[in-house]
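Listing of entry38.pdb; format and content: PDB, C-alpha atoms.
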ATOM      1  CA  MET A   1       7.746  -0.439  11.449
ATOM      2  CA  TRP A   2       5.277   1.649   9.392
ATOM      3  CA  ALA A   3       4.510   3.749  12.487
ATOM      4  CA  ASN A   4       8.231   4.574  12.778
ATOM      5  CA  ILE A   5       8.403   5.667   9.122
ATOM      6  CA  VAL A   6       5.320   7.845   9.559
ATOM      7  CA  ALA A   7       6.677   9.392  12.769
ATOM      8  CA  LYS A   8      10.005  10.151  11.074
ATOM      9  CA  ASN A   9       8.588  11.616   7.865
ATOM     10  CA  LEU A  10       5.357  13.182   9.134
ATOM     11  CA  PRO A  11       6.300  14.340  12.655
ATOM     12  CA  ASN A  12       3.574  16.981  12.914
ATOM     13  CA  SER A  13       0.765  14.809  11.573
ATOM     14  CA  ARG A  14      -1.947  13.005  13.441
ATOM     15  CA  ILE A  15      -2.544   9.591  11.878
ATOM     16  CA  PHE A  16      -5.599   7.636  12.985
ATOM     17  CA  PRO A  17      -5.640   3.934  12.063
ATOM     18  CA  GLN A  18      -8.949   2.956  10.508
ATOM     19  CA  SER A  19     -10.600  -0.200   9.350
ATOM     20  CA  MET A  20     -10.565  -0.537   5.556
ATOM     21  CA  GLU A  21     -14.334  -0.154   5.475
ATOM     22  CA  ASN A  22     -14.244   3.107   7.453
ATOM     23  CA  LEU A  23     -11.229   4.372   5.558
ATOM     24  CA  ASN A  24     -12.876   3.768   2.186
ATOM     25  CA  GLU A  25     -15.969   5.607   3.391
ATOM     26  CA  ILE A  26     -13.863   8.616   4.409
ATOM     27  CA  ILE A  27     -11.895   8.569   1.139
ATOM     28  CA  ASN A  28     -14.997   8.222  -1.032
ATOM     29  CA  SER A  29     -16.852  11.072   0.651
ATOM     30  CA  SER A  30     -14.077  13.643   1.037
ATOM     31  CA  THR A  31     -11.184  15.334  -0.711
ATOM     32  CA  ILE A  32      -8.559  14.354   1.852
ATOM     33  CA  PRO A  33      -5.335  12.891   0.460
ATOM     34  CA  ASN A  34      -4.854   9.159   0.826
ATOM     35  CA  PHE A  35      -2.182   6.587   0.158
ATOM     36  CA  SER A  36      -2.706   3.836  -2.397
ATOM     37  CA  THR A  37      -0.797   0.854  -3.717
ATOM     38  CA  ASN A  38      -0.600  -0.672  -7.162
ATOM     39  CA  ILE A  39      -3.441  -2.957  -6.038
ATOM     40  CA  THR A  40      -5.833  -0.185  -4.943
ATOM     41  CA  LEU A  41      -4.762   2.383  -7.546
ATOM     42  CA  SER A  42      -7.447   1.599 -10.124
ATOM     43  CA  SER A  43     -10.295   1.956  -7.623
ATOM     44  CA  TYR A  44      -9.128   5.460  -6.647
ATOM     45  CA  GLU A  45      -8.690   6.525 -10.283
ATOM     46  CA  LYS A  46     -12.402   5.861 -10.762
ATOM     47  CA  LEU A  47     -13.054   8.542  -8.139
ATOM     48  CA  GLY A  48     -11.198  11.115 -10.244
ATOM     49  CA  ARG A  49      -8.252  11.346  -7.879
ATOM     50  CA  VAL A  50      -4.770  12.404  -8.976
ATOM     51  CA  ASN A  51      -1.946  10.016  -8.093
ATOM     52  CA  ILE A  52       1.380  11.464  -6.998
ATOM     53  CA  PRO A  53       4.048   8.755  -6.624
ATOM     54  CA  ILE A  54       6.066   8.699  -3.419
ATOM     55  CA  LEU A  55       9.622   8.031  -4.550
ATOM     56  CA  ASP A  56      11.393   8.281  -1.200
ATOM     57  CA  ASP A  57      13.524   5.269  -0.218
ATOM     58  CA  ASP A  58      11.573   4.998   3.064
ATOM     59  CA  ALA A  59       8.427   4.263   1.041
ATOM     60  CA  LYS A  60       9.837   1.039  -0.400
ATOM     61  CA  VAL A  61       9.216  -2.393   1.064
ATOM     62  CA  GLU A  62      10.921  -5.727   0.435
ATOM     63  CA  PHE A  63       8.866  -8.905   0.531
ATOM     64  CA  TYR A  64      10.199 -12.423   0.945
ATOM     65  CA  LEU A  65       8.559 -15.632  -0.167
ATOM     66  CA  VAL A  66       9.283 -18.806   1.755
ATOM     67  CA  TYR A  67       8.149 -22.158   0.437
ATOM     68  CA  LYS A  68       9.082 -25.821   0.540
ATOM     69  CA  LYS A  69      11.281 -26.951  -2.333
ATOM     70  CA  SER A  70       8.885 -29.835  -2.820
ATOM     71  CA  HIS A  71       6.192 -27.262  -3.812
ATOM     72  CA  GLN A  72       8.385 -25.414  -6.303
ATOM     73  CA  ASN A  73       6.703 -26.944  -9.366
ATOM     74  CA  LYS A  74       3.266 -25.878  -8.122
ATOM     75  CA  LEU A  75       4.552 -22.351  -7.513
ATOM     76  CA  LEU A  76       6.467 -21.988 -10.785
ATOM     77  CA  PRO A  77       3.838 -19.750 -12.478
ATOM     78  CA  LEU A  78       3.915 -17.416  -9.473
ATOM     79  CA  LEU A  79       7.709 -17.437  -9.234
ATOM     80  CA  LYS A  80       8.045 -16.520 -12.908
ATOM     81  CA  ASN A  81       5.946 -13.390 -12.323
ATOM     82  CA  LEU A  82       7.906 -12.155  -9.305
TER      83      LEU A  82
END
As a first step, turn the structure in this file into structure tokens.
Amino acid sequence: MWANIVAKNLPNSRIFPQSMENLNEIINSSTIPNFSTNITLSSYEKLGRVNIPILDDDAKVEFYLVYKKSHQNKLLPLLKNL
């Protein structure tokens, strides 16, 4: 699915999948642009990088949580934060 979005929106680009370890090494030692999430954002800010939000509808993802009703009480703190 992500490959289709990339192909549609970046048709003339060459994207090379990397391991996170290799990707972080490339990002930390170069000035190439990179994508980040709300989870990785703070680590890239420490490198002095400028964040430009991608606001396109194709950049949005929906997540679903499936759980047994019998575990609802255990998951209540998580569910309240979603």
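Minimum atom-to-atom distances from A:Lys46, A:Lys80, A:Lys69, A:Lys8 to Asn28 in chain A were compared using all atoms listed in the file, and the lowest value belongs to A:Lys46.
The coordinates place CA of Glu62 in chain A at 29.3 Å from CA of Glu25 in chain A.
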Students should find that CA of Asn81 in chain A and CA of Ser36 in chain A are spaced 21.7 Å
query = Which neighbours of Ile15 in chain A fall inside 10 Å, counting all atoms listed in the file, when residues of the same chain fewer than 3 positions from it are skipped, and could you give them as number ranges by chain?
reply = A: 3, 6-7, 10, 12, 18
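Interatomic distance, CA of Ala59 in chain A to CA of Leu75 in chain A: 28.2 Å.
For the structure in this document, the set picked by the PyMOL selection byres ((chain A and resi 51) around 10) is Pro33, Asn34, Phe35, Ser36, Leu41, Tyr44, Glu45, Gly48, Arg49, Val50, Ile52, Pro53 and Ile54 of chain A.
When all atoms listed in the file are used to compute distances to Thr37 in chain A, the closest of the residues A:Glu21, A:Gln72, A:Lys60, A:Val66 turns out to be A:Lys60.
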For range 36-47 of chain A, supply N, CA and C atoms and format the output as a PDB file, in the coordinates of the input.
ATOM      1  N   SER A  36      -2.219   5.004  -1.674  1.00  0.00           N
ATOM      2  CA  SER A  36      -2.706   3.836  -2.397  1.00  0.00           C
ATOM      3  C   SER A  36      -1.522   2.988  -2.822  1.00  0.00           C
ATOM      4  N   THR A  37      -1.816   1.773  -3.211  1.00  0.00           N
ATOM      5  CA  THR A  37      -0.797   0.854  -3.717  1.00  0.00           C
ATOM      6  C   THR A  37      -1.147   0.512  -5.159  1.00  0.00           C
ATOM      7  N   ASN A  38      -0.295  -0.238  -5.795  1.00  0.00           N
ATOM      8  CA  ASN A  38      -0.600  -0.672  -7.162  1.00  0.00           C
ATOM      9  C   ASN A  38      -1.872  -1.519  -7.200  1.00  0.00           C
ATOM     10  N   ILE A  39      -2.241  -2.116  -6.092  1.00  0.00           N
ATOM     11  CA  ILE A  39      -3.441  -2.957  -6.038  1.00  0.00           C
ATOM     12  C   ILE A  39      -4.699  -2.095  -5.934  1.00  0.00           C
ATOM     13  N   THR A  40      -4.660  -1.033  -5.151  1.00  0.00           N
ATOM     14  CA  THR A  40      -5.833  -0.185  -4.943  1.00  0.00           C
ATOM     15  C   THR A  40      -5.900   0.999  -5.898  1.00  0.00           C
ATOM     16  N   LEU A  41      -4.863   1.198  -6.691  1.00  0.00           N
ATOM     17  CA  LEU A  41      -4.762   2.383  -7.546  1.00  0.00           C
ATOM     18  C   LEU A  41      -5.953   2.541  -8.485  1.00  0.00           C
ATOM     19  N   SER A  42      -6.368   1.486  -9.141  1.00  0.00           N
ATOM     20  CA  SER A  42      -7.447   1.599 -10.124  1.00  0.00           C
ATOM     21  C   SER A  42      -8.766   2.013  -9.486  1.00  0.00           C
ATOM     22  N   SER A  43      -9.023   1.582  -8.258  1.00  0.00           N
ATOM     23  CA  SER A  43     -10.295   1.956  -7.623  1.00  0.00           C
ATOM     24  C   SER A  43     -10.321   3.441  -7.284  1.00  0.00           C
ATOM     25  N   TYR A  44      -9.173   4.031  -6.962  1.00  0.00           N
ATOM     26  CA  TYR A  44      -9.128   5.460  -6.647  1.00  0.00           C
ATOM     27  C   TYR A  44      -9.158   6.306  -7.912  1.00  0.00           C
ATOM     28  N   GLU A  45      -8.626   5.794  -9.014  1.00  0.00           N
ATOM     29  CA  GLU A  45      -8.690   6.525 -10.283  1.00  0.00           C
ATOM     30  C   GLU A  45     -10.136   6.719 -10.719  1.00  0.00           C
ATOM     31  N   LYS A  46     -10.987   5.759 -10.408  1.00  0.00           N
ATOM     32  CA  LYS A  46     -12.402   5.861 -10.762  1.00  0.00           C
ATOM     33  C   LYS A  46     -13.073   7.019 -10.028  1.00  0.00           C
ATOM     34  N   LEU A  47     -12.501   7.432  -8.913  1.00  0.00           N
ATOM     35  CA  LEU A  47     -13.054   8.542  -8.139  1.00  0.00           C
ATOM     36  C   LEU A  47     -12.553   9.891  -8.645  1.00  0.00           C
TER      37      LEU A  47
END
